[in-house]
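**Q** Dropping the structure in here first, questions after.
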2 protein chains.
Amino acid sequence: MTTDFSESTATTAVIDSLQETPDQRLKEVLSSLVTHLHAFIRESEPTQQEWERGIAFLTDVGHMCDEQRQEFILLSDVLGVSMLVDTINNRKPVEATQSTVLGPFHVVDSPPRALGADIALTGDAPRCVVQGRIRSVDGQALPGSVIDVWQADDAGYYDIQLPDEVPPLNLRGLFTADDHGDFWFRTIEPRHYPIPDDGPVGNLLRATNRHPNRPAHIHFIVGAVGHSPVTTHLFIASSPYLDDDTVFGVKASLVRAVRTVDDPALAEHYEVQNPFGLIEFDVVLDPVDEPGSDL
Amino acid sequence: MTTDFSESTATTAVIDSLQETPDQRLKEVLSSLVTHLHAFIRESEPTQQEWERGIAFLTDVGHMCDEQRQEFILLSDVLGVSMLVDTINNRKPVEATQSTVLGPFHVVDSPPRALGADIALTGDAPRCVVQGRIRSVDGQALPGSVIDVWQADDAGYYDIQLPDEVPPLNLRGLFTADDHGDFWFRTIEPRHYPIPDDGPVGNLLRATNRHPNRPAHIHFIVGAVGHSPVTTHLFIASSPYLDDDTVFGVKASLVRAVRTVDDPALAEHYEVQNPFGLIEFDVVLDPVDEPGSDL
């Protein structure tokens with residue numbers, strides 16, 4: 001049999017060619033990819049020159065990738081794909097704390113620190129307090145929960161971006177909630193910052209009149225026995241770019257104000273200057289289904 | 001306004017972010033890309049690990065690209081995208097000779113040769129004759145048409161793949177049709193051959209139990225005054241892989257038998273051994289619309 005390629009047979013022909021794929025999941029994903037990739041071509045009808053430009057763009061993205069830089073992840077980020085994958089993989093009850101993307105800066109293990117520790121190892125910027133309670137969706141507190149925290153500084157840089165300027169593990173901490181499920185620590189307010197925009201993805205942002213910025217946020221991974229861990233951010237309500245995070249990471253339920261507290265006794269308790277900023281961020285975890293619980 | 005990313009708002013949010021794109025065509029193409037890329041993610045629901053595998057695959061494809069090797073084009077080829085783009089950009093009346101992909105081997109100018117020339121510059125394999133007439137869709141012959149031809153040898157290699165073994169411009173020729181619109185030349189039968197499969201695209205073919213081969217073919221670009229040129233192949237009917245060309249390039253109307261001719265006088269005329277193989281390939285071109293012809 002001779003095949004006869006045409007616009008109407010194209011997609012079926014390619015999907016048919018995948019029929020002998022031994023890994024059924026690979027076959028499923030590739031067939032879906034071909035279907036939607038062809039639908040994109042049919043709808044946009046790229047000229048030969050536009051197709052060549054697309055090939056050249058992808059090639060540039062590939063050439064930008066090395067051990068330090070992952071330009072394809074940046075591309076996935078600015079097209080909302082990373083967040084879509086994250087959200088699909090972290091469907092939770094509405095009461096549970098929602099996830100957002102891990103990001104590229106969780107590359108070192110956060111150091112265990114005592115509750116109340118100051119994770120800002122340098123500088124004299126005013127310290128604020130972050131506190132919250134870890135609970136299950138039924139409201140029960142989760143003592144002994146583990147809270148992994150990392151963030152940019154007040155200029156928008158993570159420690160690993162400033163190896164000669166700040167001590168290692170600056171603005172990182174691994175905390176264990178107390179008997180009430182509570183945690184608290186001192187830090188400085190993070191600043192918004194741009195994703196790396198000196199490559200092809202930056203060119204794409206400029207060509208679409210988009211800025212490269214993410215709103216100010218503190219990263220969290222919170223885990224507790226019997227519950228699904230959540231990877232998320234606390235977003236600072238006063239930050240610019242909450243409405244147009246270049247990676248689409250913002251969920252409204254994750255935005256928190258920095259409340260100014262004027263209470264000398266409380267300031268002394270937390271070992272911060274009075275008045276001070278207080279950010280409250282309770283985290284609600286979804287129980288893992290027990291084996292057989294659906295029976 | 002704080003955005004609130006969710007599965008249901010994701011695609012709109014990304015398309016909204018493209019609204020200030022100055023180039024309207026870029027905005028249109030990117031919006032279409034985001035729509036279909038998100039549809040693929042929603043349908044396939046990749047795990048985080050599968051997404052990472054996709055990122056790693058694209059990165060490997062990028063790293064395989066250099067001045068000699070274009071792995072993203074190979075990826076486009078084996079997913080049928082190159083042929084779909086080619087076919088969309090070359091819609092023709094059904095009577096006209098249909099297009100197929102240019103391929104990567106038209107990188108040197110074909111040498112002008114006299115009608116009847118032998119384009120096989122080496123070896124003693126039996127010569128066959130390729131002949132045809134260039135016509136317009138209304139049947140009128142097109143004298144002076146230009147016929148650019150290139151092909152692999154009887155082992156499946158192009159001249160530029162064998163720089164130390166064959167003279168430059170082996171199996172290439174640029175012919176001008178005679179007063180009847182006719183052309184003819186001598187050559188050897190090309191062999192089927194694999195696309196380069198030592199990279200990530202080859203790994204993809206193996207993972208899907210696909211072979212890397214293209215059926216035997218001779219490339220043509222044919223042009224005539226007042227007509228759209230056509231870039232196409234003549235496929236050899238006896239070749240394997242006509243039904244499963246790895247780049248989906250086969251259109252049934254482009255397949256031709258090599259007919260054995262036992263005619264000493266004709267063999268002498270063509271300066272080939274008797275009997276000889278004859279391939280007939282008429283090419284029908286679509287007139288370019290004259291400016292104002294629709295008025």
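Simple scheme: letters A, B, ... for chains in structure tokens order, numbers from 1 for residues in each chain, numbers from 1 for ligands in the order shown.
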What's the 9 Å shell around segment 256-267 of chain B, counting only C-alpha atoms, without same-chain residues fewer than 5 positions away, as JSON, numbers by chain?

**A** {"B": [128, 189, 234, 235, 236, 237, 238, 272, 273, 274, 275, 276, 277, 278, 279, 280, 281]}

**Q** Let me see the file: selected residues, N, CA and C atoms, as a CSV table (one decimal), in the first residue's frame.

**A**
chain,number,residue,atom,x,y,z
B,128,CYS,N,19.6,4.4,-16.2
B,128,CYS,CA,18.2,4.4,-16.7
B,128,CYS,C,17.9,5.8,-17.2
B,189,GLU,N,19.4,4.3,-10.6
B,189,GLU,CA,18.3,4.3,-9.7
B,189,GLU,C,18.8,4.6,-8.3
B,234,LEU,N,10.1,12.5,-7.3
B,234,LEU,CA,9.6,11.3,-8.0
B,234,LEU,C,9.9,10.1,-7.2
B,235,PHE,N,8.9,9.3,-6.7
B,235,PHE,CA,9.2,8.2,-5.9
B,235,PHE,C,9.3,6.9,-6.8
B,236,ILE,N,10.2,6.0,-6.5
B,236,ILE,CA,10.4,4.8,-7.3
B,236,ILE,C,9.4,3.7,-6.8
B,237,ALA,N,8.5,3.3,-7.7
B,237,ALA,CA,7.4,2.4,-7.3
B,237,ALA,C,7.9,1.1,-6.6
B,238,SER,N,9.1,0.6,-7.0
B,238,SER,CA,9.5,-0.7,-6.4
B,238,SER,C,10.2,-0.5,-5.1
B,272,VAL,N,22.3,4.5,-23.8
B,272,VAL,CA,22.3,3.5,-22.7
B,272,VAL,C,22.4,2.1,-23.2
B,273,GLN,N,22.7,1.2,-22.4
B,273,GLN,CA,22.7,-0.3,-22.7
B,273,GLN,C,21.3,-0.7,-22.9
B,274,ASN,N,21.1,-1.6,-23.9
B,274,ASN,CA,19.7,-2.2,-24.0
B,274,ASN,C,19.7,-3.6,-23.3
B,275,PRO,N,18.6,-4.0,-22.7
B,275,PRO,CA,17.4,-3.1,-22.3
B,275,PRO,C,17.8,-2.1,-21.2
B,276,PHE,N,16.9,-1.1,-21.0
B,276,PHE,CA,17.2,-0.1,-20.0
B,276,PHE,C,15.9,0.3,-19.3
B,277,GLY,N,16.0,0.9,-18.1
B,277,GLY,CA,14.9,1.3,-17.3
B,277,GLY,C,14.5,2.7,-17.8
B,278,LEU,N,13.2,2.9,-17.9
B,278,LEU,CA,12.7,4.2,-18.3
B,278,LEU,C,11.7,4.7,-17.2
B,279,ILE,N,11.9,5.9,-16.7
B,279,ILE,CA,10.9,6.5,-15.8
B,279,ILE,C,10.3,7.8,-16.4
B,280,GLU,N,9.0,7.8,-16.5
B,280,GLU,CA,8.3,8.9,-17.1
B,280,GLU,C,7.7,9.8,-16.1
B,281,PHE,N,8.0,11.0,-16.1
B,281,PHE,CA,7.6,11.9,-15.0
B,281,PHE,C,7.2,13.3,-15.6

**Q** Select from chain B every residue with an atom at most 6 Å from any atom of chain A, then for each give the shortest pair of atoms and their distance in Å to one decimal, using only C-alpha atoms, rows by chain and rising number, as a tab-separated table.

**A**
residue	atom	partner	partner_atom	distance
B:Met1	CA	A:Asp243	CA	5.5
B:Thr2	CA	A:Asp243	CA	4.4
B:Thr3	CA	A:Asp243	CA	4.8
B:Asp4	CA	A:Lys251	CA	4.2
B:Phe5	CA	A:Lys251	CA	5.1
B:Leu18	CA	A:Thr208	CA	5.8
B:Glu20	CA	A:Asn209	CA	5.8
B:Thr21	CA	A:Thr208	CA	4.0
B:Val29	CA	A:Ser44	CA	5.6
B:Leu33	CA	A:Phe40	CA	5.9
B:His36	CA	A:His36	CA	5.4
B:Phe40	CA	A:His36	CA	5.7
B:Ser44	CA	A:Val29	CA	5.6
B:Thr59	CA	A:Gly62	CA	5.1
B:Gly62	CA	A:Gly62	CA	3.8
B:His63	CA	A:Gly62	CA	5.9
B:Thr208	CA	A:Thr21	CA	4.0
B:Asn209	CA	A:Thr21	CA	5.6
B:Leu242	CA	A:Thr2	CA	5.4
B:Asp243	CA	A:Thr2	CA	4.4
B:Val250	CA	A:Asp4	CA	5.8
B:Lys251	CA	A:Asp4	CA	4.2
B:Ala252	CA	A:Asp4	CA	4.8

**Q** Could you write those residues out with N, CA and C atoms, as a PDB file, in the first residue's frame?

**A**
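Contents of the output file result23.pdb:
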ATOM      1  N   MET B   1      -5.346  44.460  40.409  1.00  0.00           N
ATOM      2  CA  MET B   1      -6.044  43.177  40.348  1.00  0.00           C
ATOM      3  C   MET B   1      -5.049  42.030  40.502  1.00  0.00           C
ATOM      4  N   THR B   2      -5.363  41.123  41.355  1.00  0.00           N
ATOM      5  CA  THR B   2      -4.535  39.927  41.506  1.00  0.00           C
ATOM      6  C   THR B   2      -5.081  38.832  40.593  1.00  0.00           C
ATOM      7  N   THR B   3      -4.188  38.262  39.816  1.00  0.00           N
ATOM      8  CA  THR B   3      -4.640  37.140  38.997  1.00  0.00           C
ATOM      9  C   THR B   3      -4.811  35.921  39.884  1.00  0.00           C
ATOM     10  N   ASP B   4      -5.531  34.951  39.406  1.00  0.00           N
ATOM     11  CA  ASP B   4      -5.783  33.735  40.172  1.00  0.00           C
ATOM     12  C   ASP B   4      -5.697  32.569  39.208  1.00  0.00           C
ATOM     13  N   PHE B   5      -4.497  31.988  39.120  1.00  0.00           N
ATOM     14  CA  PHE B   5      -4.266  30.910  38.172  1.00  0.00           C
ATOM     15  C   PHE B   5      -5.073  29.676  38.555  1.00  0.00           C
ATOM     16  N   LEU B  18      -0.500  38.290  25.886  1.00  0.00           N
ATOM     17  CA  LEU B  18       0.078  38.539  24.557  1.00  0.00           C
ATOM     18  C   LEU B  18      -0.597  39.699  23.836  1.00  0.00           C
ATOM     19  N   GLU B  20      -0.499  42.876  23.993  1.00  0.00           N
ATOM     20  CA  GLU B  20       0.252  44.076  23.583  1.00  0.00           C
ATOM     21  C   GLU B  20       1.335  43.758  22.549  1.00  0.00           C
ATOM     22  N   THR B  21       1.305  42.573  21.980  1.00  0.00           N
ATOM     23  CA  THR B  21       2.293  42.212  20.954  1.00  0.00           C
ATOM     24  C   THR B  21       2.103  43.114  19.740  1.00  0.00           C
ATOM     25  N   VAL B  29      -0.135  33.824  15.922  1.00  0.00           N
ATOM     26  CA  VAL B  29       0.525  32.513  15.940  1.00  0.00           C
ATOM     27  C   VAL B  29       0.772  32.058  17.382  1.00  0.00           C
ATOM     28  N   LEU B  33      -0.645  28.844  19.297  1.00  0.00           N
ATOM     29  CA  LEU B  33       0.277  27.892  19.933  1.00  0.00           C
ATOM     30  C   LEU B  33      -0.138  27.620  21.375  1.00  0.00           C
ATOM     31  N   HIS B  36      -3.330  25.425  21.691  1.00  0.00           N
ATOM     32  CA  HIS B  36      -3.175  24.005  21.363  1.00  0.00           C
ATOM     33  C   HIS B  36      -2.168  23.308  22.281  1.00  0.00           C
ATOM     34  N   PHE B  40      -3.055  20.132  24.621  1.00  0.00           N
ATOM     35  CA  PHE B  40      -2.235  18.921  24.729  1.00  0.00           C
ATOM     36  C   PHE B  40      -1.971  18.571  26.198  1.00  0.00           C
ATOM     37  N   SER B  44      -3.298  15.162  27.892  1.00  0.00           N
ATOM     38  CA  SER B  44      -2.323  14.118  28.258  1.00  0.00           C
ATOM     39  C   SER B  44      -2.019  14.124  29.755  1.00  0.00           C
ATOM     40  N   THR B  59      15.824  19.604  25.148  1.00  0.00           N
ATOM     41  CA  THR B  59      17.178  20.108  25.380  1.00  0.00           C
ATOM     42  C   THR B  59      18.190  19.276  24.599  1.00  0.00           C
ATOM     43  N   GLY B  62      18.046  20.209  21.017  1.00  0.00           N
ATOM     44  CA  GLY B  62      18.767  21.481  20.809  1.00  0.00           C
ATOM     45  C   GLY B  62      20.267  21.285  20.797  1.00  0.00           C
ATOM     46  N   HIS B  63      20.754  20.483  21.719  1.00  0.00           N
ATOM     47  CA  HIS B  63      22.207  20.280  21.796  1.00  0.00           C
ATOM     48  C   HIS B  63      22.735  19.473  20.616  1.00  0.00           C
ATOM     49  N   THR B 208       9.381   4.164  19.531  1.00  0.00           N
ATOM     50  CA  THR B 208       8.057   3.975  18.956  1.00  0.00           C
ATOM     51  C   THR B 208       8.054   2.849  17.914  1.00  0.00           C
ATOM     52  N   ASN B 209       9.131   2.069  17.902  1.00  0.00           N
ATOM     53  CA  ASN B 209       9.257   0.956  16.938  1.00  0.00           C
ATOM     54  C   ASN B 209       9.074   1.410  15.492  1.00  0.00           C
ATOM     55  N   LEU B 242       7.549   2.862   0.753  1.00  0.00           N
ATOM     56  CA  LEU B 242       6.585   3.790   0.153  1.00  0.00           C
ATOM     57  C   LEU B 242       5.368   3.972   1.050  1.00  0.00           C
ATOM     58  N   ASP B 243       5.055   2.924   1.819  1.00  0.00           N
ATOM     59  CA  ASP B 243       3.861   3.008   2.667  1.00  0.00           C
ATOM     60  C   ASP B 243       4.176   3.515   4.068  1.00  0.00           C
ATOM     61  N   VAL B 250       5.405  10.865   1.054  1.00  0.00           N
ATOM     62  CA  VAL B 250       4.864  10.237  -0.156  1.00  0.00           C
ATOM     63  C   VAL B 250       3.444  10.716  -0.460  1.00  0.00           C
ATOM     64  N   LYS B 251       3.250  11.160  -1.701  1.00  0.00           N
ATOM     65  CA  LYS B 251       1.901  11.374  -2.232  1.00  0.00           C
ATOM     66  C   LYS B 251       1.757  10.395  -3.394  1.00  0.00           C
ATOM     67  N   ALA B 252       0.627   9.718  -3.452  1.00  0.00           N
ATOM     68  CA  ALA B 252       0.458   8.624  -4.410  1.00  0.00           C
ATOM     69  C   ALA B 252       0.699   9.091  -5.851  1.00  0.00           C
TER      70      ALA B 252
END

**Q** Excluding same-chain residues fewer than 5 positions from segment 174-185 of chain B, what lies within 8 Å of it counting only C-alpha atoms, as a PyMOL selection string?

**A** chain B and resi 110-119+129-135+141-149

**Q** Generate the output file for the selected residues, C-alpha atoms, as a compact mmCIF listing (two decimals), in the first residue's frame.

**A**
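That gives us part24.txt:
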# COMPACT_ATOMS: atom_id res chain seq x y z
CA SER B 110 22.95 22.08 -9.46
CA PRO B 111 25.23 22.32 -12.51
CA PRO B 112 23.58 23.22 -15.84
CA ARG B 113 23.66 20.15 -18.08
CA ALA B 114 22.54 19.39 -21.63
CA LEU B 115 19.38 17.34 -22.14
CA GLY B 116 20.29 13.66 -22.16
CA ALA B 117 23.35 14.11 -19.94
CA ASP B 118 24.32 11.38 -17.50
CA ILE B 119 24.20 12.88 -14.01
CA VAL B 129 16.45 7.29 -18.43
CA VAL B 130 14.16 9.83 -16.80
CA GLN B 131 12.00 11.77 -19.19
CA GLY B 132 8.90 13.91 -19.12
CA ARG B 133 7.12 16.98 -20.35
CA ILE B 134 6.49 20.17 -18.43
CA ARG B 135 2.95 21.40 -18.96
CA ALA B 141 3.54 22.51 -23.01
CA LEU B 142 6.00 24.89 -21.34
CA PRO B 143 9.18 25.14 -23.45
CA GLY B 144 12.18 26.56 -21.61
CA SER B 145 11.06 25.29 -18.21
CA VAL B 146 13.91 24.76 -15.81
CA ILE B 147 14.28 21.37 -14.12
CA ASP B 148 16.55 21.12 -11.09
CA VAL B 149 17.31 17.50 -10.14

**Q** Please provide the set of residues having any atom within 10 Å of Gly226 of chain B, restricted to only C-alpha atoms, with same-chain residues fewer than 3 positions apart removed, written as a VMD selection string.

**A** chain B and resid 136 142 223 229 285 to 290

**Q** Can you measure atom CA of Ala152 of chain B to atom CA of Pro168 of chain B for me? One decimal in Å is fine.

**A**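 Separation of atom CA of Ala152 of chain B and atom CA of Pro168 of chain B: 13.1 Å.
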
**Q** Apply DSSP to the structure's backbone, then extract all residues of segment 157-260 of chain A labelled alpha helix (DSSP H) and return them as an NGL selection string.

**A** :A and (200-207)

**Q** Please dump the current selection as a short mmCIF file (atom, residue, chain, number, x, y, z; two decimals), in the first residue's frame; keep C-alpha atoms.

**A**
data_model
loop_
_atom_site.label_atom_id
_atom_site.label_comp_id
_atom_site.auth_asym_id
_atom_site.auth_seq_id
_atom_site.Cartn_x
_atom_site.Cartn_y
_atom_site.Cartn_z
CA PRO A 200 15.67 33.63 23.43
CA VAL A 201 12.86 33.58 26.02
CA GLY A 202 13.75 37.17 26.95
CA ASN A 203 13.56 38.03 23.24
CA LEU A 204 10.11 36.45 23.12
CA LEU A 205 8.99 38.51 26.12
CA ARG A 206 10.26 41.71 24.46
CA ALA A 207 8.62 40.82 21.14
#

**Q** Please, what distance in Å, to one decimal, runs between atom CA of Pro215 of chain A and atom CA of Asp77 of chain A?

**A**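 Interatomic distance, atom CA of Pro215 of chain A to atom CA of Asp77 of chain A: 14.3 Å.
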
**Q** For a quick check of understanding, using only C-alpha atoms, which of B:Val94, B:Leu169, B:Val137, B:Val222 has the smallest distance to Asp153 of chain B?

**A**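 Between B:Val94, B:Leu169, B:Val137, B:Val222, the residue approaching Asp153 of chain B most closely is B:Leu169.
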
**Q** Report as a JSON list (two decimals) with C-alpha atoms, in the first residue's frame all protein, DNA and RNA residues lying within 8 Å of His192 of chain B, evaluated on only C-alpha atoms, omitting residues in the same chain fewer than 4 positions from it.

**A**
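Wrote around-v4.json, looks like this:
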[["chain", "number", "residue", "atom", "x", "y", "z"],
["B", 155, "ALA", "CA", 23.65, 2.95, -1.92],
["B", 156, "GLY", "CA", 21.46, 5.78, -0.58],
["B", 213, "ASN", "CA", 13.92, 5.14, 6.25],
["B", 214, "ARG", "CA", 12.74, 7.16, 3.31],
["B", 215, "PRO", "CA", 11.71, 5.37, 0.10],
["B", 216, "ALA", "CA", 13.89, 5.86, -3.01],
["B", 217, "HIS", "CA", 13.22, 9.17, -4.74],
["B", 239, "SER", "CA", 11.15, 0.89, -3.40],
["B", 240, "PRO", "CA", 10.49, -0.31, 0.14],
["B", 241, "TYR", "CA", 9.04, 2.20, 2.60]]

**Q** So which bits of segment 115-218 of chain B end up strand (DSSP E) when you DSSP the backbone, as a PyMOL selection string?

**A** chain B and resi 128-136+146-151+172-176+182-187+193-194+213-214+217-218

**Q** Rounded to one decimal, what separation in Å do you get between atom CA of Gly199 of chain A and atom CA of Pro104 of chain A?

**A**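 Atom CA of Pro104 of chain A lies 16.4 Å from atom CA of Gly199 of chain A.
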